[in-house]
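In what follows, a structure is listed as structure tokens, so that the remarks can point back to it.
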Amino acid sequence: MVSVKALKRSMVARLIIAITFFSCGFGCNIVQCLLMLFIKPFSPSLYRSLIYYPLYAFYSQMVVLAEWYGGGRLHLYMDSEDFKHAGKEHGVVLMNHYYEIDWLVLWMLLDKLKMLGTSKAFAKKPIRYLPVLGWAWWMAEFVFLNRDFEKDKAIIAKQLKIIYSYPKPVWLLLTAEGTRFTPAKHEVALKFAKEKGLTPLKYHLIPRTRGFTTSLPTLRSICPAIYDMNVAFKADSDVPVNLNSVLTGETLNPYILVRRFPTEKIPTDEKEAAAWLHNLYVEKDRIIESFHESGSFFKTSGIKEMPCTVFEPRPISLLVFSTIGISSIGSLIYYLIVSLLSANLGGVIFVVALVVLFWVLLRKADNVTQVSKGSDYGVSDSKAKTN
């Protein structure tokens with residue numbers, strides 16, 4: 001008797017996930033392209049309302065794997081007054097960049113706030129050329145940066161005005177650390193902190209302030225709040241916190257602490273705003289340290305206790321995943337059978353090639369998210385020029 005766990009680890013399960021996810025992704029790209037060609041030139045506002053739906057269908061695939069397939073549950077700690085604003089206003093999210101799937105934790109929260117289809121992020125420019133996800137982000141008007149401050153400051157101001165003109169609330173992700181945490185990058189960050197007289201951080205890299213301070217003048221009039229998001233997983237779990245665990249149906253329970261800061265209360269002076277960001281990351285470091293040492297965000301961090309909400313998965317996400325999975329896999333099987341019965345070798349080759357392509361793309365996605373495969377940004381740039 002084959003166990004459920006063994007089935008989830010099988011190639012068949014991976015193929016089902018790959019076919020469903022990338023069929024949805026390419027479908028999302030096609031719908032976005034049609035909307036961009038035929039709706040956006042006449043009504044940008046309508047275009048930005050309509051692209052919510054293909055993007056939600058696409059992003060929710062991974063949320064389903066984390067929650068319905070793996071059984072993970074999101075634990076949110078947030079002040080009740082702050083929670084009243086969440087999902088009802090534009091915001092910038094400052095999130096620690098420690099885990100391979102911290103982006104997925106944000107997607108899980110956005111799904112619960114009904115904002116998943118409008119989420120945006122600052123991203124490296126080359127990502128826009130990647131099939132499926134890169135194309136989706138490009139047509140969704142993400143902020144793509146060159147990592148060249150002189151070129152990027154004009155892009156930031158222009159793109160923020162576009163993003164925050166959306167009719168539905170938008171949260172824009174800014175990972176101020178610039179890159180994911182690794183021991184090598186942390187060592188460089190500690191050296192930089194010592195040279196600059198900054199407080200060394202244990203679980204974060206030193207934040208790069210230029211992107212944040214450059215964005216603030218534009219944000220003040222169009223974005224009411226900054227949301228500080230602290231992501232953590234229990235250190236005593238024997239399940240690796242990575243995409244492979246999600247794809248094999250392992251249970252991962254993320255814990256997040258979110259705090260809301262009105263944009264109007266952040267200092268207007270550039271140096272003071274940079275100092276505010278540094279101080280925020282000092283607090284974030286205490287919050288994460290408290291969690292790992294005591295199991296609580298609050299016990300030793302000095303942050304006031306907040307209520308915890310444990311979210312159940314939304315049935316709509318499972319419905320979308322199931323519909324897309326059944327229709328895409330059913331269509332491929334039907335076309336394969338018809339091709340075999342009619343001796344259509346071209347059709348058989350097409351189905352096999354498509355399945356192989358989806359498998360390769362899934363393996364590539366898993367590989368790209370691994371910490372060991374991350375960029376050397378923050379190591380090669382040891383002088384931290386963007387601070």
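Please note that chains go A, B, ... in the order of the structure tokens, that every chain numbers its residues from 1, and that ligands are numbered from 1 in the order shown.
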Would you please extract all strand (DSSP E or B) residues from region 88-270 of chain A, as assigned by DSSP on the backbone, and give them as a short mmCIF file (atom, residue, chain, number, x, y, z; two decimals) with C-alpha atoms, in the first residue's frame?
data_model
loop_
_atom_site.label_atom_id
_atom_site.label_comp_id
_atom_site.auth_asym_id
_atom_site.auth_seq_id
_atom_site.Cartn_x
_atom_site.Cartn_y
_atom_site.Cartn_z
CA GLY A 91 0.64 50.20 1.45
CA VAL A 92 4.34 49.36 1.21
CA VAL A 93 5.46 46.10 2.84
CA LEU A 94 8.91 45.95 4.45
CA MET A 95 9.64 42.26 4.91
CA LYS A 120 3.36 44.27 -6.57
CA ALA A 121 7.07 44.26 -5.80
CA PHE A 122 10.36 45.91 -6.57
CA ALA A 123 12.21 43.39 -8.76
CA LYS A 124 15.42 43.06 -10.76
CA VAL A 143 8.71 48.15 -10.46
CA PHE A 144 11.72 46.76 -12.33
CA LEU A 145 15.06 48.22 -11.26
CA TRP A 171 0.59 46.46 -1.39
CA LEU A 172 4.07 46.92 -2.81
CA LEU A 173 6.84 44.67 -1.45
CA LEU A 174 10.18 46.31 -0.70
CA ALA A 225 0.94 53.37 5.34
CA ILE A 226 4.10 51.30 5.64
CA TYR A 227 3.52 47.73 6.82
CA ASP A 228 6.42 46.09 8.65
CA MET A 229 6.17 42.31 8.15
CA ASN A 230 8.27 39.86 10.17
CA VAL A 231 8.25 36.26 8.90
CA ALA A 232 9.42 33.30 10.98
CA TYR A 255 4.24 32.96 11.78
CA ILE A 256 4.15 36.65 10.97
CA LEU A 257 4.05 39.85 12.98
CA VAL A 258 2.75 42.87 11.07
CA ARG A 259 2.87 46.48 12.28
CA ARG A 260 1.38 49.52 10.55
CA PHE A 261 3.22 52.86 10.38
CA PRO A 262 1.40 55.88 8.85
#
Based on DSSP run over this structure's backbone, return all residues of region 89-189 of chain A in helix (DSSP H, G or I), as JSON, numbers by chain. {"A": [102, 103, 104, 105, 106, 107, 108, 109, 110, 111, 112, 116, 117, 118, 125, 126, 127, 128, 129, 133, 134, 135, 136, 137, 138, 139, 149, 150, 151, 152, 153, 154, 155, 156, 157, 158, 159, 160, 161, 162, 163, 183, 184, 185, 186, 187, 188, 189]}
How would the residues just chosen look if you wrote them out with C-alpha atoms as a compact mmCIF listing (two decimals), in the first residue's frame?
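What follows is the written file part_29.txt:
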# COMPACT_ATOMS: atom_id res chain seq x y z
CA ASP A 102 9.09 34.26 2.38
CA TRP A 103 7.35 35.54 -0.78
CA LEU A 104 4.84 32.68 -0.47
CA VAL A 105 4.05 33.67 3.12
CA LEU A 106 3.21 37.16 1.88
CA TRP A 107 0.99 35.65 -0.83
CA MET A 108 -0.83 33.62 1.83
CA LEU A 109 -1.56 36.80 3.79
CA LEU A 110 -2.57 38.75 0.69
CA ASP A 111 -4.96 35.94 -0.22
CA LYS A 112 -6.69 36.28 3.15
CA LEU A 116 -3.40 38.70 -3.94
CA GLY A 117 -4.22 39.78 -7.50
CA THR A 118 -3.08 43.36 -6.89
CA LYS A 125 14.95 44.13 -14.39
CA PRO A 126 16.12 40.81 -15.94
CA ILE A 127 13.18 39.02 -14.26
CA ARG A 128 10.73 40.67 -16.65
CA TYR A 129 12.09 38.52 -19.49
CA LEU A 133 6.16 34.77 -13.97
CA GLY A 134 8.38 37.49 -15.45
CA TRP A 135 5.90 38.21 -18.23
CA ALA A 136 3.03 38.28 -15.72
CA TRP A 137 4.89 40.78 -13.54
CA TRP A 138 5.82 42.98 -16.50
CA MET A 139 2.21 43.21 -17.71
CA PHE A 149 20.52 54.50 -8.48
CA GLU A 150 20.73 57.27 -11.08
CA LYS A 151 18.62 55.25 -13.52
CA ASP A 152 16.27 53.84 -10.91
CA LYS A 153 15.16 56.98 -9.08
CA ALA A 154 13.16 58.23 -12.08
CA ILE A 155 11.66 54.75 -12.62
CA ILE A 156 10.61 54.54 -8.97
CA ALA A 157 8.78 57.89 -8.95
CA LYS A 158 6.98 57.16 -12.23
CA GLN A 159 5.99 53.59 -11.40
CA LEU A 160 4.76 54.37 -7.88
CA LYS A 161 2.29 56.89 -9.30
CA ILE A 162 0.99 54.21 -11.67
CA ILE A 163 0.72 51.50 -9.03
CA PRO A 183 26.10 33.65 6.05
CA ALA A 184 28.49 35.19 3.50
CA LYS A 185 26.31 38.25 2.98
CA HIS A 186 25.75 38.56 6.71
CA GLU A 187 29.50 38.64 7.30
CA VAL A 188 29.82 41.52 4.83
CA ALA A 189 26.91 43.30 6.50
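Straight-line separation from CA of Phe298 (chain A) to CA of Phe212 (chain A): 26.5 Å.
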Please list as a PyMOL selection string every residue within 12 Å of region 45-49 of chain A, counting only C-alpha atoms and excluding residues in the same chain fewer than 6 positions away. chain A and resi 31-39+55-56+115+117-119+139-141+162-170
Take the residues from that selection and put them in a file with C-alpha atoms, as a compact mmCIF listing (two decimals), in the first residue's frame.
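Contents of again_25.txt, as written:
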# COMPACT_ATOMS: atom_id res chain seq x y z
CA VAL A 31 -5.38 36.97 -20.87
CA GLN A 32 -3.09 39.79 -19.66
CA CYS A 33 -1.79 40.30 -23.19
CA LEU A 34 -5.29 40.53 -24.63
CA LEU A 35 -6.36 42.98 -21.93
CA MET A 36 -3.21 45.06 -22.51
CA LEU A 37 -3.86 45.23 -26.27
CA PHE A 38 -7.61 45.79 -26.30
CA ILE A 39 -8.54 47.37 -22.95
CA LEU A 55 -3.20 37.09 -11.59
CA TYR A 56 -5.18 35.76 -8.64
CA MET A 115 -5.35 41.51 -2.29
CA GLY A 117 -4.22 39.78 -7.50
CA THR A 118 -3.08 43.36 -6.89
CA SER A 119 0.21 42.66 -5.11
CA MET A 139 2.21 43.21 -17.71
CA ALA A 140 1.11 43.78 -14.10
CA GLU A 141 3.32 46.91 -13.95
CA ILE A 162 0.99 54.21 -11.67
CA ILE A 163 0.72 51.50 -9.03
CA TYR A 164 -1.08 53.65 -6.49
CA SER A 165 -3.59 54.85 -9.08
CA TYR A 166 -5.08 51.32 -9.08
CA PRO A 167 -8.79 51.30 -8.15
CA LYS A 168 -8.26 48.45 -5.64
CA PRO A 169 -5.82 48.56 -2.67
CA VAL A 170 -2.26 47.62 -3.60
